[in-house]
Amino acid sequence: MNKNMLAIILASGALTLSGTALAGDAAAGATKAEACLECHEPAEDFEGMTVDELTASMKSIVSGQMKHKKKVTLSDADIADIAAYFATAK
Ligand code: HEC
């Protein structure tokens, strides 16, 4: 293996890791979203919504800007994880 190839592999590895941290953890989100599934069927209720849209919706729910049937308290990390889960639960 030449030096350039090694550099490329290392660089792409670093990108993957930082991407995961930013995007939220769908597996953790599945656990955190258990209380939401009582009312929500993610594949139906959030169909077609992107991670960004889900994040924005949850932030406005938590801040009280958007009316929601149940008061929910979620940290930014919870929101990122749940958004990742809802966006993949199709
Ligand atoms: C007691 C029932 C209930 C529970 C529990 C519940 N929700 Fe909801 N949620 C609703 C209802 C009802 C709506 C409004 C649906 C509508 O009128 O379109 C809603 C709407 C939403 C929306 C807005 C979707 C959009 O179109 O923008 C999001 C996001 C959401 N809920 C996330 C959550 C999350 C995350 C949890 C768990 C922390 C949760 N909900 C728990 C009843 C619930």
# chains A, B, ... in the order shown; residues from 1 in each chain; ligands from 1
call {"tool": "residues_around", "arguments": {"residues": "segment 41-45 of chain A", "least_positions_apart": "5", "cutoff": "9 Å", "atoms": "only C-alpha atoms", "output": "ChimeraX atom specification"}}
result
/A:36,85-90
call {"tool": "write_last_selection", "arguments": {"atoms": "C-alpha atoms", "output": "PDB file, in the first residue's frame"}}
result
ATOM      1  CA  CYS A  36     -43.374   8.346  21.960  1.00  0.00           C
ATOM      2  CA  TYR A  85     -34.293   6.928  14.578  1.00  0.00           C
ATOM      3  CA  PHE A  86     -37.546   8.407  13.227  1.00  0.00           C
ATOM      4  CA  ALA A  87     -35.875   9.243   9.923  1.00  0.00           C
ATOM      5  CA  THR A  88     -34.746   5.639   9.471  1.00  0.00           C
ATOM      6  CA  ALA A  89     -37.860   3.912  10.885  1.00  0.00           C
ATOM      7  CA  LYS A  90     -39.529   3.482   7.532  1.00  0.00           C
TER       8      LYS A  90
END
call {"tool": "closest_atom_pairs", "arguments": {"of": "chain A", "to": "ligand 1", "cutoff": "7 Å", "atoms": "only C-alpha atoms and all ligand atoms", "output": "JSON lines"}}
result
{"residue": "A:Ala33", "atom": "CA", "partner": "ligand 1", "partner_atom_place_in_ligand_line": "37 (C)", "distance": 5.4}
{"residue": "A:Ala35", "atom": "CA", "partner": "ligand 1", "partner_atom_place_in_ligand_line": "37 (C)", "distance": 5.4}
{"residue": "A:Cys36", "atom": "CA", "partner": "ligand 1", "partner_atom_place_in_ligand_line": "37 (C)", "distance": 3.5}
{"residue": "A:Leu37", "atom": "CA", "partner": "ligand 1", "partner_atom_place_in_ligand_line": "5 (C)", "distance": 6.8}
{"residue": "A:Glu38", "atom": "CA", "partner": "ligand 1", "partner_atom_place_in_ligand_line": "5 (C)", "distance": 5.6}
{"residue": "A:Cys39", "atom": "CA", "partner": "ligand 1", "partner_atom_place_in_ligand_line": "2 (C)", "distance": 4.3}
{"residue": "A:His40", "atom": "CA", "partner": "ligand 1", "partner_atom_place_in_ligand_line": "7 (N)", "distance": 6.1}
{"residue": "A:Asp45", "atom": "CA", "partner": "ligand 1", "partner_atom_place_in_ligand_line": "24 (C)", "distance": 6.8}
{"residue": "A:Phe46", "atom": "CA", "partner": "ligand 1", "partner_atom_place_in_ligand_line": "24 (C)", "distance": 6.3}
{"residue": "A:Leu54", "atom": "CA", "partner": "ligand 1", "partner_atom_place_in_ligand_line": "29 (C)", "distance": 5.4}
{"residue": "A:Ser57", "atom": "CA", "partner": "ligand 1", "partner_atom_place_in_ligand_line": "29 (C)", "distance": 4.8}
{"residue": "A:Met58", "atom": "CA", "partner": "ligand 1", "partner_atom_place_in_ligand_line": "29 (C)", "distance": 4.7}
{"residue": "A:His68", "atom": "CA", "partner": "ligand 1", "partner_atom_place_in_ligand_line": "19 (C)", "distance": 5.4}
{"residue": "A:Lys69", "atom": "CA", "partner": "ligand 1", "partner_atom_place_in_ligand_line": "42 (C)", "distance": 4.8}
{"residue": "A:Lys70", "atom": "CA", "partner": "ligand 1", "partner_atom_place_in_ligand_line": "1 (C)", "distance": 5.0}
{"residue": "A:Val72", "atom": "CA", "partner": "ligand 1", "partner_atom_place_in_ligand_line": "38 (C)", "distance": 5.4}
{"residue": "A:Leu74", "atom": "CA", "partner": "ligand 1", "partner_atom_place_in_ligand_line": "38 (C)", "distance": 7.0}
{"residue": "A:Ile82", "atom": "CA", "partner": "ligand 1", "partner_atom_place_in_ligand_line": "35 (C)", "distance": 6.5}
